[in-house]
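Comments concern the structure below.
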Amino acid sequence: MEGAFAEKTGKMGLGVLRFSPHEIVCLVDSQNVGADSAALTRVDRKVPIVASVEDARALGADVLLLGIAPPGGLIPESWFPTLDRAVELGFSIVNGLHDRLAPRYPFLQSSEPAVAADPADPPNFQTPELPNQFVYDIRTEPPDIGVGYAEARHLTNARVLFIGTDMAVGKMTAGLVMWKEALARGIKAEFVATGQIGITITGKGVPLDCIRLDFACGAIEREVMACKDADLVLIEGQGSLVHPGSTSTLPLIRGSQPTHLVLCHRAGMETLPRLPWVRVPPLVEFIRLYQDLAEVCGTYVRPQAVGIALNCAHLSSDAEAHLSSDAEALAACTQVESETGLPTTDPVRFGMARIIENI
């Protein structure tokens with residue numbers, strides 16, 4: 001997570017830190033060595049913060065996860081020497097960014113078909129230390145996908161699509177919190193991961209942003225149809241209709257044929273932070289736009305809006321002021337609920353029980 005906190009690109013690492021069932025040995029970030037990880041990340045899971053992959057290896061780590069999700073989704077050039085060193089040390093690598101690492105390390109096991117090394121340019125690495133050392137490029141189009149046919153419309157379960165007013169606003173987090181709470185209630189629930197973080201956490205899903213456009217609806221449809229025996233299917237949302245760089249809404253809607261919608265929004269956000277000229281519409285109107293698009297003048301079933309997941313992370317500017325920040329978050333939720341008439345909650349602070357009950 002080198003530089004992730006200064007540049008606010010650490011979404012991947014924070015998501016895995018909050019939700020992954022696997023042991024996390026440490027965070028690698030030379031800018032925050034020795035800091036309290038719980039205070040820095042606001043995730044209640046303390047791990048050491050070390051300066052290098054050598055330090056991580058000394059602590060017993062054997063898989064290096066690229067913990068950032070920067071705009072554009074590319075690996076920073078400055079990271080490649082560190083990745084090369086990690087491979088020399090015996091690390092496997094989990095890569096959720098668009099740059100593929102399998103061609104760079106063709107001698108490692110890969111989730112992709114075998115990539116032949118160029119004999120004129122052999123890799124300058126020692127024999128890998130781990131016999132099962134691998135590189136996993138998550139953003140790789142899965143095989144055998146096709147076009148969509150709205151097959152999910154025949155299902156009788158509840159299918160909840162998480163929509164948002166912006167990128168990186170909490171759609172995955174709200175969905176994972178709701179999934180875990182539904183399972184704890186004895187509900188037969190499934191979470192459909194559609195991005196690199198959700199796939200890393202759950203071990204399955206489809207990376208929507210690397211699927212060819214013609215097959216995007218079909219890829220989501222296949223994942224949802226695989227959950228046909230579940231009573232509640234939670235589909236991780238991506239992007240936003242209001243964002244000029246987002247194209248993911250239509251395949252998510254067409255592929256999942258949602259019966260319900262949960263809107264995810266950053267508390268107090270009136271314009272997009274990176275694009276201040278883009279105004280966020282009134283939330284009720286924004287939800288109606290998604291419902292109209294999903295329904296297409298009565299062609300498909302109109303999904304019901306069942307709640308709002310409010311991201312209040314930015315309200316807690318002081319990690320020690322936990323009680324007051326909770327009060328601020330509660331006030332923000334109350335205001336949005338009064339404006340929209342929908343149950344509103346901060347999933348991380350208050351959970352998703354009210355929205356589950358509304359469904």
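Here, A, B, ... name the chains of the structure tokens in the order displayed, residue numbers run from 1 inside each chain, and ligands are numbered from 1 in the same displayed order.
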
Gly255 in chain A environment, 7 Å, only C-alpha atoms, sequence neighbours closer than 2 positions dropped, as a PyMOL selection string: chain A and resi 148+150+217-218+220-221+251-253+257

From a DSSP pass on the backbone, collect the residues of range 14-71 of chain A flagged as strand (DSSP E or B) and hand them back as a list in words.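 Matching residues for strand (DSSP E or B) in range 14-71 of chain A are Leu27, Val28, Ile49, Val50, Val63, Leu64 and Leu65 of chain A.
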
Counting only C-alpha atoms, which of A:Val306, A:Met1, A:Ile187, A:Ala313 gets nearest to Glu337 in chain A?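 Among the listed residues, A:Val306 lies closest to Glu337 in chain A.
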
Cut-off 12 Å: closest range 199-278 of chain A/range 167-176 of chain A atom pairs per residue, using only C-alpha atoms, as a Markdown table:
```
| residue | atom | partner | partner_atom | distance |
| --- | --- | --- | --- | --- |
| A:Ile199 | CA | A:Met172 | CA | 10.5 |
| A:Thr200 | CA | A:Met172 | CA | 11.9 |
| A:Ile201 | CA | A:Leu176 | CA | 9.5 |
| A:Thr202 | CA | A:Leu176 | CA | 9.4 |
| A:Leu232 | CA | A:Gly175 | CA | 11.6 |
| A:Val233 | CA | A:Gly175 | CA | 9.9 |
| A:Leu234 | CA | A:Gly175 | CA | 6.3 |
| A:Ile235 | CA | A:Gly175 | CA | 7.3 |
| A:Glu236 | CA | A:Met172 | CA | 5.4 |
| A:Gly237 | CA | A:Lys171 | CA | 5.7 |
| A:Gln238 | CA | A:Met167 | CA | 7.0 |
| A:Gly239 | CA | A:Met167 | CA | 4.8 |
| A:Ser240 | CA | A:Met167 | CA | 6.3 |
| A:Leu241 | CA | A:Met167 | CA | 9.8 |
| A:Val242 | CA | A:Met167 | CA | 9.7 |
| A:His243 | CA | A:Met167 | CA | 7.7 |
| A:Pro244 | CA | A:Met167 | CA | 10.7 |
| A:Gly245 | CA | A:Met167 | CA | 9.6 |
| A:Ser246 | CA | A:Met167 | CA | 8.3 |
| A:Thr247 | CA | A:Met167 | CA | 11.4 |
| A:Ser248 | CA | A:Met167 | CA | 10.8 |
| A:Thr249 | CA | A:Met167 | CA | 11.5 |
| A:Leu261 | CA | A:Gly175 | CA | 11.2 |
| A:Val262 | CA | A:Lys171 | CA | 8.7 |
| A:Leu263 | CA | A:Lys171 | CA | 8.1 |
| A:Cys264 | CA | A:Lys171 | CA | 5.8 |
| A:His265 | CA | A:Val169 | CA | 6.1 |
| A:Arg266 | CA | A:Val169 | CA | 6.0 |
| A:Ala267 | CA | A:Val169 | CA | 9.7 |
| A:Met269 | CA | A:Val169 | CA | 10.3 |
| A:Leu272 | CA | A:Met167 | CA | 9.0 |
| A:Pro273 | CA | A:Met167 | CA | 10.1 |
| A:Arg274 | CA | A:Met167 | CA | 10.1 |
| A:Leu275 | CA | A:Met167 | CA | 11.3 |
```

Using the selection just defined, write its residues with C-alpha atoms as an mmCIF file, in the first residue's frame.
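Contents of part.cif, as written:
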```
data_model
loop_
_atom_site.group_PDB
_atom_site.id
_atom_site.type_symbol
_atom_site.label_atom_id
_atom_site.label_comp_id
_atom_site.auth_asym_id
_atom_site.auth_seq_id
_atom_site.Cartn_x
_atom_site.Cartn_y
_atom_site.Cartn_z
ATOM 1 C CA ILE A 199 -13.489 -11.256 -5.978
ATOM 2 C CA THR A 200 -10.374 -11.209 -3.790
ATOM 3 C CA ILE A 201 -12.481 -11.320 -0.630
ATOM 4 C CA THR A 202 -15.041 -13.953 -1.663
ATOM 5 C CA LEU A 232 -31.414 -13.329 -1.477
ATOM 6 C CA VAL A 233 -28.817 -12.377 -4.099
ATOM 7 C CA LEU A 234 -26.747 -9.245 -3.519
ATOM 8 C CA ILE A 235 -25.100 -7.839 -6.647
ATOM 9 C CA GLU A 236 -22.072 -5.613 -6.121
ATOM 10 C CA GLY A 237 -22.567 -2.374 -8.019
ATOM 11 C CA GLN A 238 -20.005 -0.489 -10.089
ATOM 12 C CA GLY A 239 -19.773 3.101 -11.225
ATOM 13 C CA SER A 240 -22.626 5.574 -11.463
ATOM 14 C CA LEU A 241 -24.992 6.891 -14.103
ATOM 15 C CA VAL A 242 -23.969 10.433 -13.243
ATOM 16 C CA HIS A 243 -20.239 9.808 -13.755
ATOM 17 C CA PRO A 244 -19.099 10.634 -17.316
ATOM 18 C CA GLY A 245 -16.552 7.796 -17.335
ATOM 19 C CA SER A 246 -18.867 5.008 -16.170
ATOM 20 C CA THR A 247 -20.411 2.379 -18.460
ATOM 21 C CA SER A 248 -21.178 -0.438 -16.025
ATOM 22 C CA THR A 249 -24.764 0.322 -15.012
ATOM 23 C CA LEU A 261 -32.194 -1.326 -5.324
ATOM 24 C CA VAL A 262 -30.002 0.069 -2.539
ATOM 25 C CA LEU A 263 -28.543 3.510 -3.246
ATOM 26 C CA CYS A 264 -25.037 4.205 -1.943
ATOM 27 C CA HIS A 265 -24.107 7.853 -1.381
ATOM 28 C CA ARG A 266 -21.392 9.875 0.331
ATOM 29 C CA ALA A 267 -22.944 12.001 3.074
ATOM 30 C CA MET A 269 -21.863 15.152 -1.408
ATOM 31 C CA LEU A 272 -18.405 14.624 -7.575
ATOM 32 C CA PRO A 273 -15.117 15.249 -5.699
ATOM 33 C CA ARG A 274 -12.889 14.654 -8.736
ATOM 34 C CA LEU A 275 -15.345 16.330 -11.137
#
```

CA of Thr299 in chain A and CA of Ala152 in chain A are how many Å apart?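 A separation of 14.0 Å between them.
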
If you measure from CA of Gln196 in chain A to CA of Asn311 in chain A, what distance in Å do you get, rounded to one decimal?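 Here the two named atoms are 20.3 Å from each other.
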
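When CA of Pro21 in chain A is paired with CA of Ile197 in chain A, their separation reads 13.2 Å.
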
If we count only C-alpha atoms, what is near Asp346 in chain A at a cut-off of 9 Å, once residues fewer than 6 positions away on the same chain are taken out, given as number ranges by chain? A: 174, 308-313, 329-330, 333, 352

Name all residues at most 10 Å from Asp29 in chain A (count only C-alpha atoms; drop same-chain ones fewer than 3 positions away) and give them as a list in words. Met1, Glu2, Gly3, Ala4, Phe5, Cys26, Asn32, Val33, Gly34, Ala35, Ile49, Val50, Ala51, Ser52 and Val53 of chain A

I need the residues in range 14-186 of chain A that are alpha helix (DSSP H) according to DSSP; give them as a ChimeraX atom specification. /A:14-19,37-41,53-58,80-88,171-184
